[in-house]
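Quick look at input_23.csv (CSV, C-alpha atoms):
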```csv
chain,number,residue,atom,x,y,z
W,929,MET,CA,45.6,34.0,-55.9
W,930,GLU,CA,44.8,36.5,-53.1
W,931,ILE,CA,47.3,39.0,-54.5
W,932,GLU,CA,45.4,39.2,-57.7
W,933,THR,CA,42.2,40.1,-55.9
W,934,PHE,CA,44.0,42.6,-53.8
W,935,VAL,CA,45.5,44.5,-56.8
W,936,ALA,CA,42.1,44.4,-58.6
W,937,GLN,CA,40.4,45.9,-55.5
W,938,SER,CA,43.1,48.6,-55.2
W,939,GLU,CA,42.9,49.8,-58.8
W,940,GLY,CA,41.5,53.3,-59.3
W,941,GLU,CA,42.0,56.7,-57.7
W,942,TRP,CA,42.0,57.3,-53.9
W,943,ASN,CA,41.9,60.3,-51.6
W,944,SER,CA,44.2,59.6,-48.8
W,945,MET,CA,44.4,61.1,-45.3
W,946,ARG,CA,47.6,59.9,-43.6
W,947,SER,CA,48.8,60.6,-40.0
W,948,GLY,CA,52.4,60.0,-39.0
W,949,HIS,CA,53.4,59.5,-35.4
W,950,SER,CA,57.0,60.2,-34.4
W,951,LEU,CA,56.9,58.4,-31.1
W,952,ALA,CA,60.1,59.7,-29.5
W,953,PHE,CA,59.1,63.3,-30.0
W,954,LYS,CA,55.3,62.9,-29.7
W,955,GLN,CA,54.9,64.7,-33.0
W,956,PHE,CA,52.0,64.3,-35.4
W,957,GLU,CA,52.3,64.8,-39.2
W,958,GLU,CA,49.2,65.2,-41.4
W,959,ILE,CA,49.4,64.4,-45.1
W,960,VAL,CA,46.6,64.6,-47.6
W,961,SER,CA,47.3,63.0,-51.0
W,962,ASN,CA,45.9,61.6,-54.2
W,963,ILE,CA,46.9,58.0,-55.1
W,964,LYS,CA,46.4,56.3,-58.4
W,965,VAL,CA,46.8,52.6,-58.8
W,966,LYS,CA,47.0,51.1,-62.3
W,967,LEU,CA,47.3,47.5,-63.3
W,968,LEU,CA,50.0,46.8,-65.9
W,969,SER,CA,50.6,43.9,-68.3
W,970,ASN,CA,53.4,41.4,-67.7
W,971,ASN,CA,54.7,42.6,-71.1
W,972,ASP,CA,55.0,46.2,-70.1
W,973,GLN,CA,58.5,47.3,-70.8
W,974,ASN,CA,59.1,48.8,-67.4
W,975,VAL,CA,57.9,45.6,-65.7
W,976,ARG,CA,60.2,43.5,-67.9
W,977,ASP,CA,63.1,45.8,-67.2
W,978,LEU,CA,62.7,45.7,-63.4
W,979,LEU,CA,62.1,42.0,-63.4
W,980,HIS,CA,65.1,41.4,-65.6
W,981,LYS,CA,67.6,43.2,-63.4
W,982,SER,CA,66.2,41.5,-60.2
W,983,ASP,CA,67.0,38.1,-58.6
W,984,TYR,CA,63.6,37.0,-59.8
W,985,SER,CA,64.2,37.3,-63.6
W,986,ASN,CA,63.0,33.7,-64.2
W,987,SER,CA,59.8,34.1,-62.1
W,988,GLU,CA,56.3,34.7,-63.4
W,989,PRO,CA,54.9,37.9,-62.0
W,990,LEU,CA,51.1,38.3,-61.3
W,991,SER,CA,49.2,41.6,-61.6
W,992,PRO,CA,52.1,44.0,-61.7
W,993,PHE,CA,50.9,47.6,-61.0
W,994,GLU,CA,52.0,51.2,-60.8
W,995,ILE,CA,51.2,53.6,-57.9
W,996,LYS,CA,51.4,57.4,-58.4
W,997,TRP,CA,50.9,59.8,-55.6
W,998,ALA,CA,50.9,63.5,-54.9
W,999,GLY,CA,50.6,64.8,-51.4
W,1000,GLU,CA,50.7,67.8,-49.1
W,1001,SER,CA,52.0,67.7,-45.6
W,1002,ASP,CA,51.3,70.2,-42.8
W,1003,TRP,CA,55.1,70.1,-42.0
W,1004,ASN,CA,56.1,71.3,-45.5
W,1005,ASN,CA,56.1,74.4,-47.5
W,1006,GLU,CA,55.1,74.3,-51.2
W,1007,LYS,CA,58.5,73.5,-52.4
W,1008,ASP,CA,58.9,70.5,-50.0
W,1009,ASN,CA,55.6,69.2,-51.1
W,1010,GLU,CA,57.2,68.4,-54.4
W,1011,ASP,CA,59.0,65.6,-52.5
W,1012,LEU,CA,55.6,64.1,-51.8
W,1013,LYS,CA,55.1,63.4,-55.5
W,1014,GLY,CA,56.3,60.1,-56.9
W,1015,SER,CA,55.5,56.8,-58.4
W,1016,SER,CA,56.5,53.2,-57.9
W,1017,LEU,CA,56.3,50.1,-60.0
W,1018,LEU,CA,55.3,47.0,-58.0
W,1019,ILE,CA,55.7,43.4,-59.2
W,1020,PRO,CA,54.1,40.6,-57.2
W,1021,ILE,CA,55.7,37.2,-57.4
W,1022,PRO,CA,53.6,34.7,-55.5
W,1023,SER,CA,55.2,31.6,-53.9
W,1024,THR,CA,51.9,30.2,-52.6
W,1025,ASN,CA,48.3,31.3,-52.8
W,1026,ASN,CA,48.7,33.8,-49.9
W,1027,THR,CA,52.5,34.5,-49.7
W,1028,GLY,CA,55.2,35.8,-51.9
W,1029,VAL,CA,57.4,38.8,-52.6
W,1030,ILE,CA,56.8,42.2,-54.3
W,1031,LEU,CA,59.6,43.9,-56.2
W,1032,ARG,CA,59.4,47.7,-55.9
W,1033,SER,CA,61.2,50.2,-58.1
W,1034,SER,CA,61.0,52.7,-55.2
W,1035,GLY,CA,60.4,51.7,-51.6
W,1036,TYR,CA,58.1,53.1,-48.9
W,1037,ALA,CA,60.5,53.9,-46.1
W,1038,GLU,CA,63.4,54.7,-48.4
W,1039,LYS,CA,63.3,55.7,-52.0
W,1040,ILE,CA,65.4,52.9,-53.3
W,1041,GLN,CA,64.6,49.6,-55.0
W,1042,ALA,CA,63.4,47.0,-52.6
W,1043,VAL,CA,61.9,43.6,-52.2
W,1044,SER,CA,59.0,43.1,-49.8
W,1045,SER,CA,57.8,39.8,-48.6
W,1046,TYR,CA,54.1,39.5,-48.1
W,1047,TYR,CA,51.4,37.3,-46.6
W,1048,PHE,CA,47.7,37.5,-46.2
W,1049,LEU,CA,45.9,37.2,-42.8
W,1050,SER,CA,42.7,35.1,-42.7
W,1051,ASP,CA,40.5,38.3,-43.1
W,1052,GLY,CA,42.3,39.4,-46.3
W,1053,THR,CA,44.7,41.9,-44.7
W,1054,ILE,CA,48.0,42.0,-46.5
W,1055,VAL,CA,51.1,42.3,-44.4
W,1056,LEU,CA,54.3,43.5,-46.1
W,1057,SER,CA,57.8,43.4,-44.6
W,1058,THR,CA,60.6,45.3,-46.2
W,1059,LYS,CA,64.3,45.5,-45.3
W,1060,TYR,CA,65.9,48.8,-46.5
W,1061,GLU,CA,69.4,50.0,-46.0
W,1062,LYS,CA,68.8,51.7,-42.7
W,1063,THR,CA,65.3,50.8,-41.8
W,1064,PHE,CA,62.8,47.9,-41.6
W,1065,ALA,CA,59.2,48.6,-42.5
W,1066,GLU,CA,56.0,46.6,-41.8
W,1067,GLU,CA,52.9,47.7,-43.6
W,1068,ARG,CA,49.4,46.3,-43.3
W,1069,ILE,CA,46.6,47.1,-45.8
W,1070,TRP,CA,43.0,46.1,-45.5
W,1071,PHE,CA,39.7,46.9,-47.1
W,1072,VAL,CA,36.8,48.0,-44.8
W,1073,ASN,CA,34.6,48.0,-47.9
W,1074,GLU,CA,35.3,48.4,-51.6
W,1075,ASN,CA,35.5,52.1,-51.2
W,1076,LEU,CA,37.7,52.4,-48.0
W,1077,ARG,CA,41.2,51.0,-47.7
W,1078,CYS,CA,43.2,51.4,-44.5
W,1079,ARG,CA,47.0,51.2,-44.4
W,1080,SER,CA,49.2,51.2,-41.3
W,1081,SER,CA,53.0,51.1,-41.1
W,1082,VAL,CA,55.7,50.8,-38.5
W,1083,ILE,CA,59.2,51.8,-39.4
W,1084,LYS,CA,62.0,50.4,-37.2
W,1085,SER,CA,65.7,50.9,-37.2
W,1086,ILE,CA,67.5,48.1,-39.1
W,1087,ASN,CA,68.3,46.2,-35.9
W,1088,ARG,CA,64.5,46.2,-35.4
W,1089,LYS,CA,64.8,47.5,-31.9
W,1090,ALA,CA,64.0,51.3,-32.1
W,1091,ILE,CA,60.6,52.1,-33.4
W,1092,LEU,CA,61.1,55.3,-35.5
W,1093,GLN,CA,57.6,56.1,-36.8
W,1094,THR,CA,54.1,54.7,-37.2
W,1095,SER,CA,51.6,55.9,-39.7
W,1096,PHE,CA,48.0,55.3,-40.6
W,1097,ALA,CA,46.2,56.2,-43.9
W,1098,SER,CA,42.5,56.2,-44.6
W,1099,GLU,CA,42.0,55.9,-48.4
W,1100,LEU,CA,38.6,56.7,-49.9
W,1101,ARG,CA,37.9,55.7,-53.4
W,1102,ARG,CA,37.4,58.7,-55.8
W,1103,LEU,CA,37.1,56.7,-59.1
W,1104,LYS,CA,36.9,53.1,-60.1
W,1105,VAL,CA,38.9,52.1,-63.2
L,849,MET,CA,43.1,31.2,-24.4
L,850,GLU,CA,44.3,34.0,-26.6
L,851,ILE,CA,42.2,36.6,-24.8
L,852,GLU,CA,44.1,35.8,-21.6
L,853,THR,CA,47.5,36.4,-23.3
L,854,PHE,CA,46.1,39.6,-24.9
L,855,VAL,CA,45.0,41.1,-21.6
L,856,ALA,CA,48.3,40.1,-19.9
L,857,GLN,CA,50.3,41.8,-22.6
L,858,SER,CA,48.1,44.9,-22.3
L,859,GLU,CA,48.4,45.3,-18.6
L,860,GLY,CA,50.4,48.4,-17.5
L,861,GLU,CA,50.6,52.1,-18.4
L,862,TRP,CA,50.7,53.4,-21.9
L,863,ASN,CA,51.4,56.7,-23.6
L,864,SER,CA,49.0,57.0,-26.6
L,865,MET,CA,49.2,59.1,-29.7
L,866,ARG,CA,45.9,58.9,-31.5
L,867,SER,CA,44.8,60.4,-34.9
L,868,GLY,CA,41.2,60.7,-35.9
L,869,HIS,CA,40.3,61.1,-39.6
L,870,SER,CA,36.8,62.6,-40.3
L,871,LEU,CA,36.6,61.5,-43.9
L,872,ALA,CA,33.7,63.6,-45.1
L,873,PHE,CA,35.4,66.8,-44.0
L,874,LYS,CA,39.1,65.8,-44.4
L,875,GLN,CA,39.7,66.8,-40.8
L,876,PHE,CA,42.4,65.4,-38.6
L,877,GLU,CA,42.2,65.3,-34.9
L,878,GLU,CA,45.2,64.7,-32.6
L,879,ILE,CA,44.9,63.3,-29.1
L,880,VAL,CA,47.6,62.5,-26.6
L,881,SER,CA,46.6,60.4,-23.7
L,882,ASN,CA,47.6,58.2,-20.8
L,883,ILE,CA,46.0,54.8,-20.6
L,884,LYS,CA,46.1,52.4,-17.6
L,885,VAL,CA,45.1,48.7,-18.0
L,886,LYS,CA,44.6,46.7,-14.8
L,887,LEU,CA,43.6,43.0,-14.5
L,888,LEU,CA,40.8,42.4,-12.1
L,889,SER,CA,39.6,39.3,-10.3
L,890,ASN,CA,36.4,37.4,-11.3
L,891,ASN,CA,35.3,38.1,-7.7
L,892,ASP,CA,35.7,41.9,-8.0
L,893,GLN,CA,32.4,43.5,-7.0
L,894,ASN,CA,32.1,45.7,-10.1
L,895,VAL,CA,32.8,42.7,-12.3
L,896,ARG,CA,30.1,40.6,-10.5
L,897,ASP,CA,27.6,43.5,-10.8
L,898,LEU,CA,28.1,44.1,-14.5
L,899,LEU,CA,28.0,40.4,-15.2
L,900,HIS,CA,24.9,39.9,-13.1
L,901,LYS,CA,22.8,42.5,-14.9
L,902,SER,CA,24.0,41.3,-18.4
L,903,ASP,CA,22.6,38.4,-20.6
L,904,TYR,CA,25.7,36.5,-19.6
L,905,SER,CA,25.2,36.1,-15.9
L,906,ASN,CA,25.7,32.3,-16.0
L,907,SER,CA,28.9,32.5,-18.0
L,908,GLU,CA,32.4,32.3,-16.7
L,909,PRO,CA,34.5,35.4,-17.4
L,910,LEU,CA,38.2,35.2,-18.2
L,911,SER,CA,40.7,38.0,-17.3
L,912,PRO,CA,38.3,40.9,-16.7
L,913,PHE,CA,40.1,44.2,-16.7
L,914,GLU,CA,39.7,47.9,-16.2
L,915,ILE,CA,40.9,50.7,-18.6
L,916,LYS,CA,41.4,54.3,-17.3
L,917,TRP,CA,42.4,57.1,-19.7
L,918,ALA,CA,43.0,60.8,-19.6
L,919,GLY,CA,43.6,62.7,-22.9
L,920,GLU,CA,44.1,66.0,-24.5
L,921,SER,CA,42.8,66.8,-28.0
L,922,ASP,CA,44.1,69.6,-30.2
L,923,TRP,CA,40.3,70.3,-31.0
L,924,ASN,CA,39.5,71.0,-27.3
L,925,ASN,CA,40.0,73.7,-24.7
L,926,GLU,CA,40.9,72.7,-21.1
L,927,LYS,CA,37.3,72.2,-20.1
L,928,ASP,CA,36.5,69.9,-23.0
L,929,ASN,CA,39.5,67.8,-22.2
L,930,GLU,CA,37.7,66.8,-19.1
L,931,ASP,CA,35.5,64.7,-21.4
L,932,LEU,CA,38.6,62.8,-22.5
L,933,LYS,CA,38.9,61.3,-19.0
L,934,GLY,CA,37.1,58.1,-18.3
L,935,SER,CA,37.2,54.5,-17.4
L,936,SER,CA,35.6,51.3,-18.5
L,937,LEU,CA,35.3,47.8,-17.1
L,938,LEU,CA,35.7,45.0,-19.7
L,939,ILE,CA,34.7,41.4,-19.1
L,940,PRO,CA,35.8,38.8,-21.7
L,941,ILE,CA,33.6,35.7,-22.1
L,942,PRO,CA,35.3,33.3,-24.5
L,943,SER,CA,33.2,30.9,-26.6
L,944,THR,CA,36.2,29.2,-28.3
L,945,ASN,CA,40.0,29.6,-28.0
L,946,ASN,CA,40.0,32.6,-30.2
L,947,THR,CA,36.4,34.0,-30.3
L,948,GLY,CA,34.0,35.3,-27.8
L,949,VAL,CA,32.3,38.5,-26.5
L,950,ILE,CA,33.5,41.3,-24.2
L,951,LEU,CA,31.0,43.1,-22.0
L,952,ARG,CA,31.9,46.8,-21.6
L,953,SER,CA,30.5,49.1,-18.9
L,954,SER,CA,31.2,52.0,-21.2
L,955,GLY,CA,31.7,51.7,-25.0
L,956,TYR,CA,34.3,53.1,-27.4
L,957,ALA,CA,32.1,54.9,-30.0
L,958,GLU,CA,29.3,55.7,-27.5
L,959,LYS,CA,29.6,56.0,-23.8
L,960,ILE,CA,26.9,53.4,-23.0
L,961,GLN,CA,27.1,49.7,-21.9
L,962,ALA,CA,27.9,47.5,-24.8
L,963,VAL,CA,28.7,44.0,-25.9
L,964,SER,CA,31.5,43.5,-28.4
L,965,SER,CA,32.1,40.3,-30.2
L,966,TYR,CA,35.8,39.5,-30.9
L,967,TYR,CA,38.0,37.1,-32.8
L,968,PHE,CA,41.8,36.8,-33.2
L,969,LEU,CA,43.5,36.8,-36.6
L,970,SER,CA,46.4,34.3,-37.1
L,971,ASP,CA,49.0,36.9,-36.2
L,972,GLY,CA,47.4,37.6,-32.8
L,973,THR,CA,45.5,40.8,-33.9
L,974,ILE,CA,42.2,41.1,-32.0
L,975,VAL,CA,39.2,42.3,-34.0
L,976,LEU,CA,36.3,43.7,-32.0
L,977,SER,CA,32.9,44.5,-33.5
L,978,THR,CA,30.4,46.5,-31.5
L,979,LYS,CA,26.9,47.6,-32.3
L,980,TYR,CA,25.9,50.8,-30.5
L,981,GLU,CA,22.6,52.7,-30.6
L,982,LYS,CA,23.5,54.9,-33.6
L,983,THR,CA,26.9,53.5,-34.7
L,984,PHE,CA,28.8,50.4,-35.5
L,985,ALA,CA,32.5,50.2,-34.6
L,986,GLU,CA,35.2,47.8,-35.7
L,987,GLU,CA,38.5,48.0,-33.7
L,988,ARG,CA,41.7,46.2,-34.3
L,989,ILE,CA,44.5,45.9,-31.8
L,990,TRP,CA,47.9,44.3,-32.3
L,991,PHE,CA,51.3,44.3,-30.7
L,992,VAL,CA,54.3,45.3,-32.8
L,993,ASN,CA,56.5,44.3,-29.8
L,994,GLU,CA,55.8,44.0,-26.1
L,995,ASN,CA,56.2,47.8,-25.7
L,996,LEU,CA,54.2,49.0,-28.7
L,997,ARG,CA,50.5,48.4,-29.2
L,998,CYS,CA,48.7,49.7,-32.3
L,999,ARG,CA,44.9,50.2,-32.4
L,1000,SER,CA,42.8,51.2,-35.4
L,1001,SER,CA,39.1,51.8,-35.5
L,1002,VAL,CA,36.4,52.4,-38.1
L,1003,ILE,CA,33.1,53.9,-37.0
L,1004,LYS,CA,30.1,53.5,-39.3
L,1005,SER,CA,26.5,54.6,-39.1
L,1006,ILE,CA,24.2,51.9,-37.8
L,1007,ASN,CA,23.2,50.8,-41.3
L,1008,ARG,CA,26.9,50.2,-41.9
L,1009,LYS,CA,26.9,52.2,-45.1
L,1010,ALA,CA,28.3,55.6,-44.2
L,1011,ILE,CA,31.8,55.6,-42.7
L,1012,LEU,CA,31.9,58.4,-40.1
L,1013,GLN,CA,35.4,58.2,-38.8
L,1014,THR,CA,38.6,56.2,-38.7
L,1015,SER,CA,41.3,56.4,-36.1
L,1016,PHE,CA,44.7,55.0,-35.3
L,1017,ALA,CA,46.6,55.0,-32.0
L,1018,SER,CA,50.3,54.2,-31.3
L,1019,GLU,CA,50.6,53.2,-27.7
L,1020,LEU,CA,54.0,53.0,-26.1
L,1021,ARG,CA,54.5,51.3,-22.8
L,1022,ARG,CA,55.4,53.6,-19.9
L,1023,LEU,CA,55.3,51.0,-17.1
L,1024,LYS,CA,54.8,47.3,-16.7
L,1025,VAL,CA,52.6,46.1,-13.9
```

As structure tokens, the full file:
Amino acid sequence: MEIETFVAQSEGEWNSMRSGHSLAFKQFEEIVSNIKVKLLSNNDQNVRDLLHKSDYSNSEPLSPFEIKWAGESDWNNEKDNEDLKGSSLLIPIPSTNNTGVILRSSGYAEKIQAVSSYYFLSDGTIVLSTKYEKTFAEERIWFVNENLRCRSSVIKSINRKAILQTSFASELRRLKV
Amino acid sequence: MEIETFVAQSEGEWNSMRSGHSLAFKQFEEIVSNIKVKLLSNNDQNVRDLLHKSDYSNSEPLSPFEIKWAGESDWNNEKDNEDLKGSSLLIPIPSTNNTGVILRSSGYAEKIQAVSSYYFLSDGTIVLSTKYEKTFAEERIWFVNENLRCRSSVIKSINRKAILQTSFASELRRLKV
């Protein structure tokens, strides 16, 4: 399963540089953050709880994991940077070798529970699509080598017409598991 | 040929927001620029000249094109921004439907003549690899829709070990041809 390899490669601690582009206003945002990715067991209580209350309660998850992050933005003061701390539980449920869904306890574009669909391109890039309440997000994540992960996102309004923001993160490995 | 479609989609004028990430120093660069992409004929004199002095003089090009750009960086003063103006002639020579090489009169990572190899991923993303004198560059370009083009790059030292810089551009269409 490609998702299993992807999660295994992602495990560890990463230093992230992320740039946000607000296209309508030509504004750049710069965010530096630390990201921790940790593999969890299918029997982890939080995994079981999130799965149980989802539409996928009878499905078999593969490589559930937790992401924790703490960031600093050049747009924010110290207090606002508290908003750039968070964590999310992610539960992949493959449907084929290279497609499936990922349940998220907290989303990327909006901080609500979400279900992303994913597929892998031929070079191992994962493409995630998520419909939120007001927005639609497409994320792409690929490994340049085992110590550099790139992540791009495009956030559109829910009708998918207006592009609200794009972003790009360069994530350098600090620590392996 | 996928390259023909790619060049046709790229033709026109674009407003670009580009972020550079210097990973070793955690430095961000912000560049705003205008980009013009123009399809040329195989019989264009500059196309014929560049092809003739290359190793591909007996090959048949497809959709040769010119890129002109003018940018402004937050790192530069007015004089230095002159260096962010330029143009390059690009001549695709397909070997299969979705692979080939592109001759460049001026490269991306270094302003010298270069030959990039390319291939297309299943979703239409083009991946370009270019070996320069001191560096090796991988670029990816994909269309989110007909009016938004994303472009990422990773520049490595020639031994491909040290990652020198990554960058990401969001390019919004200003004008169709």

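Taking only C-alpha atoms, the non-local environment of segment 978-992 of chain W within 7 Å (same-chain residues fewer than 6 positions away omitted) comprises Glu932, Val935, Leu967, Leu968, Ser969, Asn970, Leu1018, Ile1019, Pro1020 and Ile1021 of chain W.
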
Extract, using only C-alpha atoms, all DNA, RNA and protein residues at most 12 Å from segment 947-951 of chain W, discarding same-chain residues fewer than 4 positions from it, and format them as an MDAnalysis selection string.
(chainID W and resid 955:961 1000:1003 1078:1084 1090:1099) or (chainID L and resid 863:869 874:880 995:996 998 1014:1021)

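The coordinates place atom CA of Asn946 of chain L at 28.2 Å from atom CA of Ser1023 of chain W.
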
Quick one: distance from atom CA of Leu1056 of chain W to atom CA of Ile1069 of chain W in Å, one decimal?
8.5 Å

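Taking atom CA of Asn1004 of chain W and atom CA of Gly1035 of chain W as endpoints, the distance between them is 21.0 Å.
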